[in-house]
Protein chains: 2
Amino acid sequence: MAKEKKLVEAITSMEEDFAQWYTDVVKKAELIDYTSVKGCMVIKPAGYAIWENIQHELDRRFKETGVENVYLPMFIPESLLQKEKDHVEGFAPEVAWVTHGGLEPLQERMCVRPTSETLFCDFYANDIHSYRDLPKVYNQWCSVVRWEKTTRPFLRSREFLWQEGHTAHATAEEAEERTIQMLNVYADFCEEVLAIPVVRGRKTDKEKFAGAEATYTIESLMHDGKALQSGTSHNFGDGFAKAFNIQFADKDNKLKYVHQTSWGMTTRMIGAIIMVHGDNSGLVLPPRIAPTQVMVIPIRQQQAGVLEKAQEVKDALTLSGLRAKLDASDKSPGWKFSEQEMRGIPVRIELGPKDIEAGQAVIVRRDTREKITAPIAELPAKVAEVLDTMQHEMLERARTHRDAHTYEAVNKEEFKKIADEKPGFIKAMWCGCQECEDALKEEAGVTSRCMPFAQEKLADTCVYCGKPAKALVYWGKAY
Amino acid sequence: MAKEKKLVEAITSMEEDFAQWYTDVVKKAELIDYTSVKGCMVIKPAGYAIWENIQHELDRRFKETGVENVYLPMFIPESLLQKEKDHVEGFAPEVAWVTHGGLEPLQERMCVRPTSETLFCDFYANDIHSYRDLPKVYNQWCSVVRWEKTTRPFLRSREFLWQEGHTAHATAEEAEERTIQMLNVYADFCEEVLAIPVVRGRKTDKEKFAGAEATYTIESLMHDGKALQSGTSHNFGDGFAKAFNIQFADKDNKLKYVHQTSWGMTTRMIGAIIMVHGDNSGLVLPPRIAPTQVMVIPIRQQQAGVLEKAQEVKDALTLSGLRAKLDASDKSPGWKFSEQEMRGIPVRIELGPKDIEAGQAVIVRRDTREKITAPIAELPAKVAEVLDTMQHEMLERARTHRDAHTYEAVNKEEFKKIADEKPGFIKAMWCGCQECEDALKEEAGVTSRCMPFAQEKLADTCVYCGKPAKALVYWGKAY
């Protein structure tokens, strides 16, 4: 009882302290736990099951575009990491170094991969000889390590899980096409499955990936008005190919460098789900990603026939293809409701003796608390319909929230006032100079999130320096 | 053409040099590649797809028994590794040590997990309070690192992929039951899916896992007569619980230590598939684990209608639920046959103009080369039947081979003669002393593989020392 009470009472409200609310939810919904390894976390069953669903959905979408999965070593010899100048500068300061194997010091130290461009390049240099070997469209699911100073569950941890795609192509055009294609896979996945609307765009040179020619990104807005970079896709041109000498004999018999891409999505998306959809009762999971979609909760379960009927209902839901569970524990219905809400299970079904007598049950939506009474025989169809509606409305609600927190600024004063007072995206024109980016960071505390593919012309001049504008940029404070 | 020729010609025969044959197959079937990281390998698409199928099948079987997946950090602080005395002695000499994070030396060095008992114990000590929290039946899919001196693809590498289950129970009986249950899951999986017959048994104290009370194992026999430990399941009793202070309040309100188990299966099973089923044309994959089950190979594909018909056949096979591909490349049919054979694809369908005219096609089994002519319309059903037969016959063939290479010895001379002359398992009685185990290792070059659950009494006395025998043991040279 004491434990259950804590579950319901101890959550901070998001209006009071969003960061604390977030921490409370990840703990109380039993998604993660802290460990003796500073900056690393345990992903518990309720959290890992979300990641498994993300993997399943993404992997299916990848394979439909011809992606093949592989596995490369987790270690990178220091000399390999150093082959591409920008890349090593970007990553060397934040890697973990292995210096001993067993009782012996290593001849050359190795880092635990922070990302695997250099390993894939080393592999491709051996594996690619002819245009017949192209394209290579490989991906791996693994964990990576970046020695961050400050960490937050899912959003920034020293070790995290992700997938990293690495491709090699005969032409620059094909590489660019693949880069955009994978960004669109991410964007569609976020919107269709996670119910998170995204802005698709390109990173400025300042914000692009270490070693990339161009980085594309999808940016989403959390409930507190902060931005989250949710997936990136990089076009490397032939920069890595030249550093690693990845050449192929083309159809014209000439030796040419390949063109490469990479793209990744991580467990931070679980953090995004929490911060876009969660509320003061806990997690709210979009039905398509929820490990359990329906919790059947019997009322007065000690009365004859109630548990049996609840089990029947659960079985019928499962049979119809829904992910359903029955909570037959000896807790009170009220506690079961609170737990189901805390864990973000999209729908619960309340079923008591009176309902059974009337041949009906009550469906309760997690997001709106809406109650829908339906005949027991029609529950599978009705619940499927409710889940579908919920999925779409969650996306629309998030989109409305995002749009309501997207502002426009045409001069510096306006920009700084918005940045100060209104958490959200700020759309503003930019001249293309890093000086203005740096100044806006310094004076308004924001970074450029992306230059959206859907460009608009809000003004002729840069919001900071007043010189001619080159692009519309989304700015924001970011996780 | 040069490349194709190499594919077919350069494989060493297994009778001539089994080790070289093995290396040739893993390379030419494109399962793995070597890397700049000594002792680590790239698992290429053809190899990783086998692992994905293994994961899929095992994970489904695990979940049916109530297993939940989690993810724990890859790093173990040295002080944590040292908490259980036997365990640290077993693993400390062969771990990789991380000593620096970014530019700073760590306060305490950490190893990359060689296995995660200590991390799970640390986690469970925080997470388990009451009998209501039990059992915990958790598993993780990850990579582990053991700094081996000599390595072989799949069989022994410095980094490998596996799953590791770690459970905690209220009673010793329940822990023992789970240990045996998971061993049986492994055994059934090996026999039903990989077509590899196994001997189920218990390890001697000398061979058991560092820190375990009892280790159970499944042992399989490779084509060359060497044994391979194929999966292990450990009962820890309450030894780790005492070292890590994992206690729970039981129903009688007394504080008690939990009883724990762990169990694992690794990518070495891909090596087992190769060495049990492969032949001098390359890999032979059991149909249930083969990423591609059927390759449709058109003959005279430049003739009008041939490619179209081949595509139709492929589509019909896919629609019926088989994993089918069409090889429409511009190589000759002969080369395509060789490639399909090298890659171990269980069945090919040959389809030329004459076949089409006669409304039929030829199904060729990879294992027996048997040719079966069938009407085109009946191909999906016929191929499914052929694959089913092949799966069963592969298991029976492996069993026959195993049994034909399983010998019995009742005295030392007999034992040593068999060990010298006849590669395979040797069944012999044992007194239970490690001295005799050590002596047989020294004099006959074999290790004890297991004490089989199916005990027999071949003699009254130990095969080595002549004292009263306690158990029948399977002995063998092992990978």
# chains A, B, ... in the order shown; residues from 1 in each chain; ligands from 1
$ residues_around --residues "Ser130 in chain A" --least-positions-apart "4" --cutoff "10 Å" --atoms "only C-alpha atoms" --output "ChimeraX atom specification"
/A:134,170,247-251,253-256
$ residues_around --residues "range 202-210 of chain B" --least-positions-apart "3" --cutoff "9 Å" --atoms "only C-alpha atoms" --output "NGL selection string"
:B and (85-91 or 213-218 or 232 or 234 or 432 or 434 or 437 or 447-453 or 473)
$ select_by_dssp --residues "range 147-226 of chain B" --states "helix (DSSP H, G or I)" --output "ChimeraX atom specification"
/B:172-192,205-207
$ interface_residues --of "chain B" --to "chain A" --cutoff "7 Å" --atoms "only C-alpha atoms" --output "tab-separated table (two decimals) with all heavy atoms, in the first residue's frame"
chain	number	residue	atom	x	y	z
B	35	THR	N	38.86	-7.41	-39.57
B	35	THR	CA	38.89	-5.95	-39.43
B	35	THR	C	40.26	-5.50	-38.95
B	35	THR	O	41.12	-6.31	-38.64
B	35	THR	CB	37.86	-5.47	-38.39
B	35	THR	OG1	38.30	-5.90	-37.08
B	35	THR	CG2	36.50	-6.05	-38.65
B	37	VAL	N	40.65	-4.27	-36.22
B	37	VAL	CA	40.64	-4.49	-34.77
B	37	VAL	C	40.92	-5.96	-34.53
B	37	VAL	O	40.10	-6.81	-34.78
B	37	VAL	CB	39.27	-4.10	-34.17
B	37	VAL	CG1	39.34	-4.11	-32.66
B	37	VAL	CG2	38.80	-2.76	-34.70
B	40	CYS	N	38.56	-9.08	-33.58
B	40	CYS	CA	37.15	-8.72	-33.76
B	40	CYS	C	36.79	-8.87	-35.23
B	40	CYS	O	37.65	-8.83	-36.10
B	40	CYS	CB	36.89	-7.28	-33.33
B	40	CYS	SG	37.16	-6.99	-31.58
B	41	MET	N	35.51	-9.09	-35.52
B	41	MET	CA	35.12	-9.32	-36.90
B	41	MET	C	33.92	-8.46	-37.30
B	41	MET	O	33.18	-7.96	-36.46
B	41	MET	CB	34.81	-10.79	-37.11
B	41	MET	CG	33.68	-11.30	-36.23
B	41	MET	SD	33.50	-13.13	-36.33
B	41	MET	CE	32.15	-13.37	-35.18
B	42	VAL	N	33.76	-8.30	-38.60
B	42	VAL	CA	32.54	-7.73	-39.15
B	42	VAL	C	31.59	-8.89	-39.45
B	42	VAL	O	31.99	-9.84	-40.13
B	42	VAL	CB	32.82	-6.97	-40.47
B	42	VAL	CG1	31.51	-6.59	-41.16
B	42	VAL	CG2	33.67	-5.74	-40.21
B	43	ILE	N	30.38	-8.82	-38.94
B	43	ILE	CA	29.38	-9.80	-39.35
B	43	ILE	C	28.63	-9.19	-40.53
B	43	ILE	O	27.96	-8.16	-40.39
B	43	ILE	CB	28.42	-10.16	-38.22
B	43	ILE	CG1	29.22	-10.60	-36.98
B	43	ILE	CG2	27.47	-11.28	-38.65
B	43	ILE	CD1	28.36	-11.01	-35.80
B	44	LYS	N	28.81	-9.77	-41.71
B	44	LYS	CA	28.25	-9.21	-42.94
B	44	LYS	C	26.76	-9.58	-43.08
B	44	LYS	O	26.25	-10.40	-42.30
B	44	LYS	CB	29.07	-9.70	-44.14
B	44	LYS	CG	30.52	-9.19	-44.08
B	44	LYS	CD	31.39	-9.79	-45.17
B	44	LYS	CE	31.14	-9.09	-46.50
B	44	LYS	NZ	32.18	-9.49	-47.51
B	45	PRO	N	26.07	-8.98	-44.06
B	45	PRO	CA	24.61	-9.20	-44.13
B	45	PRO	C	24.19	-10.67	-44.12
B	45	PRO	O	23.25	-11.03	-43.41
B	45	PRO	CB	24.23	-8.52	-45.45
B	45	PRO	CG	25.22	-7.41	-45.58
B	45	PRO	CD	26.52	-7.98	-45.04
B	48	TYR	N	24.72	-11.82	-40.53
B	48	TYR	CA	23.87	-11.16	-39.55
B	48	TYR	C	22.41	-11.58	-39.70
B	48	TYR	O	21.67	-11.68	-38.72
B	48	TYR	CB	24.00	-9.64	-39.64
B	48	TYR	CG	23.51	-8.97	-38.38
B	48	TYR	CD1	24.32	-8.89	-37.25
B	48	TYR	CD2	22.21	-8.48	-38.29
B	48	TYR	CE1	23.86	-8.33	-36.07
B	48	TYR	CE2	21.73	-7.92	-37.11
B	48	TYR	CZ	22.56	-7.85	-36.02
B	48	TYR	OH	22.09	-7.30	-34.84
B	68	GLU	N	11.34	-11.06	-19.77
B	68	GLU	CA	11.24	-9.67	-20.21
B	68	GLU	C	12.63	-9.15	-20.56
B	68	GLU	O	13.59	-9.44	-19.85
B	68	GLU	CB	10.65	-8.80	-19.10
B	68	GLU	CG	9.24	-9.19	-18.71
B	68	GLU	CD	8.68	-8.28	-17.62
B	68	GLU	OE1	9.18	-8.34	-16.48
B	68	GLU	OE2	7.76	-7.51	-17.91
B	69	ASN	N	12.72	-8.36	-21.62
B	69	ASN	CA	14.02	-7.83	-22.03
B	69	ASN	C	14.32	-6.49	-21.37
B	69	ASN	O	13.42	-5.68	-21.16
B	69	ASN	CB	14.07	-7.68	-23.55
B	69	ASN	CG	14.24	-9.02	-24.25
B	69	ASN	OD1	14.74	-9.97	-23.66
B	69	ASN	ND2	13.82	-9.11	-25.50
B	70	VAL	N	15.60	-6.29	-21.07
B	70	VAL	CA	16.07	-5.05	-20.46
B	70	VAL	C	17.42	-4.70	-21.09
B	70	VAL	O	17.94	-5.46	-21.92
B	70	VAL	CB	16.27	-5.22	-18.93
B	70	VAL	CG1	14.96	-5.54	-18.24
B	70	VAL	CG2	17.31	-6.30	-18.63
B	71	TYR	N	17.98	-3.55	-20.71
B	71	TYR	CA	19.35	-3.25	-21.13
B	71	TYR	C	20.13	-2.62	-19.99
B	71	TYR	O	19.71	-1.62	-19.42
B	71	TYR	CB	19.37	-2.32	-22.35
B	71	TYR	CG	20.79	-2.17	-22.87
B	71	TYR	CD1	21.36	-3.16	-23.65
B	71	TYR	CD2	21.56	-1.07	-22.52
B	71	TYR	CE1	22.67	-3.08	-24.08
B	71	TYR	CE2	22.89	-0.97	-22.95
B	71	TYR	CZ	23.42	-1.98	-23.72
B	71	TYR	OH	24.73	-1.89	-24.15
B	72	LEU	N	21.28	-3.22	-19.68
B	72	LEU	CA	22.16	-2.71	-18.62
B	72	LEU	C	23.44	-2.16	-19.24
B	72	LEU	O	23.78	-2.50	-20.38
B	72	LEU	CB	22.49	-3.84	-17.63
B	72	LEU	CG	21.53	-3.95	-16.43
B	72	LEU	CD1	20.12	-4.33	-16.88
B	72	LEU	CD2	22.05	-4.95	-15.42
B	73	PRO	N	24.15	-1.30	-18.48
B	73	PRO	CA	25.36	-0.68	-19.04
B	73	PRO	C	26.40	-1.69	-19.52
B	73	PRO	O	26.45	-2.82	-19.01
B	73	PRO	CB	25.91	0.13	-17.86
B	73	PRO	CG	24.75	0.38	-16.98
B	73	PRO	CD	23.88	-0.83	-17.12
B	77	PRO	N	32.32	-1.18	-13.12
B	77	PRO	CA	33.40	-0.64	-12.28
B	77	PRO	C	34.17	-1.79	-11.63
B	77	PRO	O	33.58	-2.81	-11.26
B	77	PRO	CB	32.64	0.17	-11.22
B	77	PRO	CG	31.29	0.44	-11.81
B	77	PRO	CD	31.00	-0.72	-12.70
B	92	ALA	N	38.56	-11.60	-14.56
B	92	ALA	CA	39.47	-10.45	-14.56
B	92	ALA	C	40.65	-10.59	-15.54
B	92	ALA	O	41.03	-9.61	-16.18
B	92	ALA	CB	39.96	-10.15	-13.15
B	93	PRO	N	41.23	-11.81	-15.68
B	93	PRO	CA	42.39	-11.89	-16.57
B	93	PRO	C	42.06	-11.67	-18.05
B	93	PRO	O	42.97	-11.52	-18.86
B	93	PRO	CB	42.89	-13.34	-16.37
B	93	PRO	CG	42.25	-13.81	-15.11
B	93	PRO	CD	40.96	-13.09	-14.99
B	94	GLU	N	40.79	-11.66	-18.42
B	94	GLU	CA	40.49	-11.58	-19.85
B	94	GLU	C	39.48	-10.48	-20.19
B	94	GLU	O	38.68	-10.64	-21.09
B	94	GLU	CB	39.99	-12.93	-20.37
B	94	GLU	CG	38.76	-13.48	-19.68
B	94	GLU	CD	38.20	-14.72	-20.39
B	94	GLU	OE1	38.97	-15.53	-20.93
B	94	GLU	OE2	36.97	-14.85	-20.43
B	95	VAL	N	39.55	-9.37	-19.46
B	95	VAL	CA	38.66	-8.27	-19.80
B	95	VAL	C	39.43	-7.09	-20.38
B	95	VAL	O	40.64	-6.96	-20.19
B	95	VAL	CB	37.83	-7.77	-18.58
B	95	VAL	CG1	36.92	-8.87	-18.07
B	95	VAL	CG2	38.75	-7.25	-17.48
B	96	ALA	N	38.70	-6.23	-21.09
B	96	ALA	CA	39.27	-4.99	-21.63
B	96	ALA	C	38.97	-3.88	-20.63
B	96	ALA	O	37.84	-3.74	-20.16
B	96	ALA	CB	38.65	-4.67	-22.98
B	97	TRP	N	39.99	-3.08	-20.31
B	97	TRP	CA	39.84	-2.04	-19.28
B	97	TRP	C	39.76	-0.65	-19.88
B	97	TRP	O	40.62	-0.25	-20.65
B	97	TRP	CB	41.02	-2.09	-18.31
B	97	TRP	CG	41.02	-3.31	-17.42
B	97	TRP	CD1	41.82	-4.40	-17.56
B	97	TRP	CD2	40.17	-3.54	-16.30
B	97	TRP	NE1	41.53	-5.32	-16.57
B	97	TRP	CE2	40.51	-4.81	-15.78
B	97	TRP	CE3	39.15	-2.82	-15.67
B	97	TRP	CZ2	39.88	-5.37	-14.67
B	97	TRP	CZ3	38.53	-3.37	-14.56
B	97	TRP	CH2	38.88	-4.63	-14.07
B	98	VAL	N	38.74	0.08	-19.47
B	98	VAL	CA	38.61	1.49	-19.83
B	98	VAL	C	39.20	2.31	-18.70
B	98	VAL	O	38.82	2.14	-17.54
B	98	VAL	CB	37.13	1.89	-20.03
B	98	VAL	CG1	37.01	3.39	-20.29
B	98	VAL	CG2	36.52	1.10	-21.17
B	99	THR	N	40.16	3.18	-19.05
B	99	THR	CA	40.86	3.94	-18.01
B	99	THR	C	40.66	5.44	-18.15
B	99	THR	O	40.93	6.19	-17.22
B	99	THR	CB	42.37	3.66	-18.06
B	99	THR	OG1	42.83	3.98	-19.38
B	99	THR	CG2	42.66	2.20	-17.77
B	100	HIS	N	40.19	5.89	-19.33
B	100	HIS	CA	40.02	7.32	-19.57
B	100	HIS	C	38.65	7.59	-20.19
B	100	HIS	O	38.22	6.87	-21.08
B	100	HIS	CB	41.09	7.85	-20.53
B	100	HIS	CG	42.44	7.96	-19.91
B	100	HIS	ND1	43.19	6.84	-19.58
B	100	HIS	CD2	43.18	9.04	-19.54
B	100	HIS	CE1	44.34	7.24	-19.05
B	100	HIS	NE2	44.36	8.56	-19.01
B	101	GLY	N	38.00	8.67	-19.71
B	101	GLY	CA	36.78	9.16	-20.32
B	101	GLY	C	37.07	10.54	-20.88
B	101	GLY	O	37.37	11.45	-20.11
B	102	GLY	N	37.03	10.68	-22.21
B	102	GLY	CA	37.43	11.95	-22.81
B	102	GLY	C	38.91	12.18	-22.54
B	102	GLY	O	39.73	11.29	-22.71
B	103	LEU	N	39.24	13.37	-22.04
B	103	LEU	CA	40.65	13.68	-21.82
B	103	LEU	C	41.10	13.36	-20.39
B	103	LEU	O	42.27	13.47	-20.06
B	103	LEU	CB	40.91	15.16	-22.14
B	103	LEU	CG	40.41	15.57	-23.54
B	103	LEU	CD1	40.49	17.08	-23.75
B	103	LEU	CD2	41.19	14.84	-24.64
B	123	PHE	N	21.82	-4.13	-9.65
B	123	PHE	CA	20.48	-3.64	-9.99
B	123	PHE	C	19.42	-4.30	-9.12
B	123	PHE	O	18.56	-3.63	-8.51
B	123	PHE	CB	20.25	-3.90	-11.48
B	123	PHE	CG	18.85	-3.71	-11.96
B	123	PHE	CD1	18.13	-2.56	-11.68
B	123	PHE	CD2	18.25	-4.69	-12.73
B	123	PHE	CE1	16.83	-2.39	-12.14
B	123	PHE	CE2	16.96	-4.54	-13.20
B	123	PHE	CZ	16.24	-3.38	-12.90
B	147	TRP	N	39.04	-10.87	-23.70
B	147	TRP	CA	40.30	-10.63	-24.41
B	147	TRP	C	41.07	-11.92	-24.69
B	147	TRP	O	42.11	-12.18	-24.10
B	147	TRP	CB	41.16	-9.63	-23.63
B	147	TRP	CG	41.88	-8.73	-24.58
B	147	TRP	CD1	43.20	-8.72	-24.83
B	147	TRP	CD2	41.29	-7.74	-25.42
B	147	TRP	NE1	43.49	-7.80	-25.80
B	147	TRP	CE2	42.34	-7.19	-26.18
B	147	TRP	CE3	39.99	-7.28	-25.65
B	147	TRP	CZ2	42.12	-6.19	-27.13
B	147	TRP	CZ3	39.77	-6.30	-26.57
B	147	TRP	CH2	40.83	-5.77	-27.30
$ select_by_dssp --residues "range 208-248 of chain A" --states "strand (DSSP E)" --output "list in words"
Ala214, Thr215, Tyr216, Thr217, Ile218, Glu219, Ser220, Leu221, Ala227, Leu228, Gln229, Ser230, Gly231, Thr232, Ser233, His234, Asn235, Phe236, Gly237, Gln247 and Phe248 of chain A
$ residues_around --residues "Gln301 in chain B" --least-positions-apart "3" --cutoff "9 Å" --atoms "only C-alpha atoms" --output "PDB file with C-alpha atoms, in the first residue's frame"
ATOM      1  CA  ILE B 297      17.404 -19.329 -61.111  1.00  0.00           C
ATOM      2  CA  PRO B 298      16.219 -18.767 -64.682  1.00  0.00           C
ATOM      3  CA  ALA B 304      11.248 -14.020 -74.157  1.00  0.00           C
ATOM      4  CA  GLY B 305       9.034 -14.853 -71.191  1.00  0.00           C
ATOM      5  CA  VAL B 306      11.618 -16.650 -69.039  1.00  0.00           C
ATOM      6  CA  LEU B 307      12.384 -13.835 -66.602  1.00  0.00           C
ATOM      7  CA  ALA B 310      10.677 -16.748 -62.984  1.00  0.00           C
ATOM      8  CA  ALA B 328      18.150 -12.210 -62.407  1.00  0.00           C
ATOM      9  CA  ASP B 330      23.720 -11.489 -65.909  1.00  0.00           C
ATOM     10  CA  LEU B 351      13.405 -22.772 -64.747  1.00  0.00           C
ATOM     11  CA  GLY B 352      14.135 -22.618 -68.485  1.00  0.00           C
ATOM     12  CA  PRO B 353      12.178 -22.317 -71.750  1.00  0.00           C
TER      13      PRO B 353
END
$ atom_distance --atom1 "CA of Asn280 in chain B" --atom2 "CA of Thr23 in chain B"
12.3 Å
$ decode --residues "range 109-133 of chain B" --atoms "C-alpha atoms" --output "CSV table (one decimal), in the first residue's frame"
chain,number,residue,atom,x,y,z
B,109,ARG,CA,38.8,1.9,-14.0
B,110,MET,CA,35.9,-0.1,-15.6
B,111,CYS,CA,35.9,-3.2,-17.7
B,112,VAL,CA,33.8,-3.8,-20.7
B,113,ARG,CA,31.3,-6.5,-19.6
B,114,PRO,CA,32.5,-10.0,-20.2
B,115,THR,CA,29.1,-11.1,-18.8
B,116,SER,CA,26.7,-9.1,-16.6
B,117,GLU,CA,26.1,-11.1,-13.4
B,118,THR,CA,27.6,-8.3,-11.2
B,119,LEU,CA,25.6,-5.6,-12.9
B,120,PHE,CA,22.3,-7.5,-12.6
B,121,CYS,CA,23.1,-8.2,-8.9
B,122,ASP,CA,23.8,-4.5,-8.3
B,123,PHE,CA,20.5,-3.6,-10.0
B,124,TYR,CA,18.5,-6.3,-8.2
B,125,ALA,CA,19.8,-5.3,-4.8
B,126,ASN,CA,18.0,-2.0,-5.4
B,127,ASP,CA,15.0,-3.3,-7.2
B,128,ILE,CA,14.0,-6.2,-5.1
B,129,HIS,CA,12.4,-5.6,-1.7
B,130,SER,CA,9.4,-8.0,-1.2
B,131,TYR,CA,8.3,-11.4,-2.4
B,132,ARG,CA,5.9,-9.4,-4.6
B,133,ASP,CA,8.9,-8.3,-6.6
